[in-house]
$ cat work.cif   # mmCIF, C-alpha atoms
data_query
#
loop_
_atom_site.label_atom_id
_atom_site.label_comp_id
_atom_site.auth_asym_id
_atom_site.auth_seq_id
_atom_site.Cartn_x
_atom_site.Cartn_y
_atom_site.Cartn_z
CA MET Y 1333 77.27 61.66 36.47
CA LYS Y 1334 77.68 65.36 35.72
CA ASN Y 1335 78.86 66.42 32.32
CA ASN Y 1336 81.55 69.06 31.73
CA GLY Y 1337 78.95 71.71 30.86
CA THR Y 1338 77.25 71.34 34.23
CA ARG Y 1339 80.58 71.45 36.06
CA SER Y 1340 81.68 74.52 34.11
CA LEU Y 1341 78.39 76.30 34.83
CA ARG Y 1342 78.69 75.48 38.52
CA TYR Y 1343 82.31 76.72 38.62
CA LEU Y 1344 81.36 79.95 36.84
CA SER Y 1345 78.34 80.43 39.12
CA GLU Y 1346 80.41 79.90 42.27
CA ALA Y 1347 83.09 82.31 41.04
CA GLY Y 1348 80.46 84.92 40.19
CA ILE Y 1349 78.72 84.65 43.54
CA ILE Y 1350 82.02 84.91 45.43
CA GLY Y 1351 83.14 87.87 43.33
CA GLY Y 1352 79.82 89.62 43.86
CA MET Y 1353 79.92 88.99 47.59
CA TYR Y 1354 83.49 90.29 47.83
CA ALA Y 1355 82.71 93.49 45.91
CA ALA Y 1356 79.44 94.06 47.76
CA LEU Y 1357 81.05 93.63 51.19
CA CYS Y 1358 83.82 96.06 50.27
CA LEU Y 1359 81.33 98.67 49.13
CA VAL Y 1360 78.86 98.20 51.99
CA PHE Y 1361 81.72 98.58 54.48
CA ALA Y 1362 83.55 101.18 52.36
CA PRO Y 1363 84.50 103.47 55.27
CA ILE Y 1364 86.66 100.70 56.75
CA SER Y 1365 87.52 98.83 53.52
CA TYR Y 1366 90.00 101.26 51.99
CA GLY Y 1367 93.12 103.12 53.08
CA ALA Y 1368 96.16 102.51 55.22
CA ILE Y 1369 94.01 101.73 58.25
CA GLN Y 1370 91.41 99.26 57.07
CA VAL Y 1371 89.55 96.15 58.03
CA ARG Y 1372 88.22 94.87 54.73
CA VAL Y 1373 85.44 92.58 55.95
CA ALA Y 1374 85.34 90.93 52.51
CA GLU Y 1375 88.82 89.55 53.16
CA ALA Y 1376 87.22 86.88 55.36
CA LEU Y 1377 86.29 85.26 52.03
CA THR Y 1378 89.97 84.79 51.19
CA ILE Y 1379 89.87 81.45 53.03
CA LEU Y 1380 87.54 80.09 50.33
CA PRO Y 1381 90.26 78.94 47.88
CA ALA Y 1382 91.17 76.30 50.46
CA PHE Y 1383 87.69 74.87 49.97
CA MET Y 1384 86.81 75.57 46.33
CA PRO Y 1385 88.92 76.45 43.30
CA ALA Y 1386 86.25 78.77 41.89
CA ALA Y 1387 87.09 81.19 44.68
CA ILE Y 1388 90.37 82.09 42.95
CA PRO Y 1389 88.84 83.90 39.96
CA GLY Y 1390 85.88 85.00 42.08
CA LEU Y 1391 88.02 86.81 44.63
CA THR Y 1392 90.27 88.24 41.93
CA VAL Y 1393 87.44 89.72 39.87
CA GLY Y 1394 85.58 90.82 43.01
CA CYS Y 1395 88.67 92.67 44.22
CA LEU Y 1396 89.11 94.36 40.84
CA ILE Y 1397 85.46 95.46 40.79
CA ALA Y 1398 85.62 96.74 44.37
CA ASN Y 1399 88.81 98.69 43.67
CA LEU Y 1400 87.50 100.12 40.39
CA LEU Y 1401 84.28 101.32 42.00
CA ALA Y 1402 85.91 102.76 45.11
CA GLY Y 1403 88.70 104.79 43.52
CA GLY Y 1404 90.80 105.91 46.44
CA ALA Y 1405 94.18 107.51 46.85
CA VAL Y 1406 96.13 104.87 44.99
CA GLY Y 1407 93.61 104.35 42.15
CA ALA Y 1408 95.15 102.60 39.15
CA TRP Y 1409 97.99 101.19 41.23
CA ASP Y 1410 95.46 99.32 43.35
CA TRP Y 1411 93.50 98.18 40.32
CA LEU Y 1412 96.59 96.39 39.09
CA PHE Y 1413 98.66 95.52 42.16
CA GLY Y 1414 95.77 95.03 44.58
CA THR Y 1415 94.10 92.65 42.15
CA LEU Y 1416 97.32 90.74 41.41
CA THR Y 1417 97.98 90.50 45.15
CA THR Y 1418 94.55 88.98 45.70
CA LEU Y 1419 95.21 86.50 42.89
CA ALA Y 1420 98.62 85.51 44.30
CA ALA Y 1421 97.25 85.12 47.83
CA ALA Y 1422 94.33 83.02 46.54
CA LEU Y 1423 96.70 80.71 44.65
CA VAL Y 1424 98.89 80.20 47.72
CA THR Y 1425 95.82 79.69 49.92
CA ARG Y 1426 94.63 77.03 47.47
CA ALA Y 1427 98.04 75.36 47.64
CA LEU Y 1428 97.67 75.22 51.43
CA ARG Y 1429 94.26 73.51 51.29
CA ARG Y 1430 95.56 70.24 52.76
CA VAL Y 1431 96.73 71.93 55.96
CA THR Y 1432 93.33 73.59 56.24
CA VAL Y 1433 91.60 70.24 56.10
CA LYS Y 1434 94.10 68.72 58.55
CA GLY Y 1435 93.21 71.16 61.30
CA LEU Y 1436 95.54 74.09 60.60
CA PRO Y 1437 93.19 76.54 58.82
CA TRP Y 1438 95.02 79.55 60.25
CA LEU Y 1439 97.96 78.76 57.94
CA ALA Y 1440 95.70 79.13 54.90
CA ALA Y 1441 94.50 82.48 56.28
CA LEU Y 1442 98.02 83.94 56.35
CA PRO Y 1443 98.85 84.50 52.64
CA PRO Y 1444 96.33 87.35 52.21
CA VAL Y 1445 97.57 88.93 55.43
CA LEU Y 1446 101.23 88.86 54.43
CA PHE Y 1447 100.79 89.67 50.74
CA ASN Y 1448 98.45 92.60 51.37
CA ALA Y 1449 100.54 94.00 54.22
CA VAL Y 1450 103.53 94.25 51.89
CA VAL Y 1451 101.87 95.31 48.63
CA ILE Y 1452 99.13 97.59 49.97
CA GLY Y 1453 101.59 98.98 52.52
CA ALA Y 1454 103.89 99.86 49.61
CA GLU Y 1455 100.99 101.39 47.65
CA CYS Y 1456 100.08 103.58 50.62
CA ALA Y 1457 103.70 104.68 51.06
CA VAL Y 1458 103.90 105.62 47.37
CA ALA Y 1459 100.56 107.46 47.53
CA ALA Y 1460 101.76 109.37 50.61
CA ASN Y 1461 105.09 110.04 48.88
CA ASN Y 1462 106.76 108.76 52.03
CA ALA Y 1463 108.83 105.62 51.48
CA GLY Y 1464 110.02 105.80 55.09
CA ALA Y 1465 106.46 105.13 56.27
CA PHE Y 1466 106.27 101.78 54.47
CA TRP Y 1467 106.62 99.70 57.64
CA LEU Y 1468 103.95 101.72 59.43
CA PHE Y 1469 101.55 101.27 56.52
CA ALA Y 1470 102.42 97.57 56.22
CA LEU Y 1471 101.74 97.04 59.93
CA GLN Y 1472 98.44 98.92 59.73
CA VAL Y 1473 97.23 97.00 56.69
CA GLY Y 1474 98.50 93.72 58.16
CA ALA Y 1475 96.65 94.31 61.43
CA GLY Y 1476 93.39 94.90 59.60
CA GLN Y 1477 94.01 91.82 57.47
CA LEU Y 1478 94.61 89.73 60.60
CA VAL Y 1479 91.22 90.74 61.95
CA ALA Y 1480 89.42 89.98 58.68
CA CYS Y 1481 91.33 86.95 57.37
CA VAL Y 1482 92.22 85.14 60.55
CA GLY Y 1483 89.24 86.26 62.63
CA GLY Y 1484 86.50 86.22 60.01
CA GLY Y 1485 88.16 83.67 57.76
CA LEU Y 1486 88.52 81.10 60.52
CA LEU Y 1487 84.88 81.51 61.49
CA LEU Y 1488 83.94 80.91 57.86
CA ALA Y 1489 86.31 77.92 57.64
CA GLY Y 1490 84.69 76.42 60.72
CA VAL Y 1491 81.26 76.67 59.15
CA LEU Y 1492 82.43 75.35 55.77
CA SER Y 1493 84.26 72.37 57.25
CA LYS Y 1494 80.93 71.13 58.63
CA PHE Y 1495 79.42 71.17 55.11
CA LYS Y 1496 81.93 69.21 53.02
#

$ encode --input "work.cif" --output "structure tokens"
Amino acid sequence: MKNNGTRSLRYLSEAGIIGGMYAALCLVFAPISYGAIQVRVAEALTILPAFMPAAIPGLTVGCLIANLLAGGAVGAWDWLFGTLTTLAAALVTRALRRVTVKGLPWLAALPPVLFNAVVIGAECAVAANNAGAFWLFALQVGAGQLVACVGGGLLLAGVLSKFK
């Protein structure tokens, strides 16, 4: 039987690995990871909270690190709101874990798509000083999120479901 120290160390290790992977993927694919038109490859990892709770802090911290290191047009806004959006999406994805296990993993892939489309779309509209372009930005961000979260996330979910 594992003691609490071993479980805590494993949880912390998993969160750290996930956070590091998220930040590294964002930075390696930086040209397509930031901006109104983006496919953040790291967002495929946002399916992980459906499989492991350590993914919630891992993704949150990884997102913060990636946004801090990248800078970008929205800067501090993204540090705060981008990170909080990742946290909120991870919590909702975790809440949907039962539907993921029951054969509907695409439902667990949707929170990051919807949350980021709205929040990052709004950030881009503010950065462009063009509130009227919000829907365009939201659609662009949402499309990129669909590719990463649904496309990449479902591939990852398929692999993970084989290794309970």

$ resolve_selection --input "work.cif" --expression "the PyMOL selection byres ((chain Y and resi 1361-1375) around 6)" --output "PyMOL selection string"
chain Y and resi 1354+1357-1360+1376-1378+1469+1472-1473+1476+1480-1481

$ residues_around --input "work.cif" --residues "Gly1414 (chain Y)" --least-positions-apart "4" --cutoff "7 Å" --atoms "all atoms listed in the file" --output "list in words"
Asp1410, Thr1418 and Ile1452 of chain Y

$ closest_residue --input "work.cif" --among "Y:Ala1463, Y:Leu1423, Y:Ile1397, Y:Met1384" --to "Phe1447 (chain Y)" --atoms "only C-alpha atoms"
Y:Leu1423

$ atom_distance --input "work.cif" --atom1 "CA of Glu1346 (chain Y)" --atom2 "CA of Leu1391 (chain Y)"
10.5 Å

$ atom_distance --input "work.cif" --atom1 "CA of Thr1425 (chain Y)" --atom2 "CA of Gly1394 (chain Y)"
16.6 Å

$ resolve_selection --input "work.cif" --expression "the PyMOL selection byres ((chain Y and resi 1439) around 10)" --output "PyMOL selection string"
chain Y and resi 1379+1425+1428-1429+1431-1432+1435-1438+1440-1443+1482
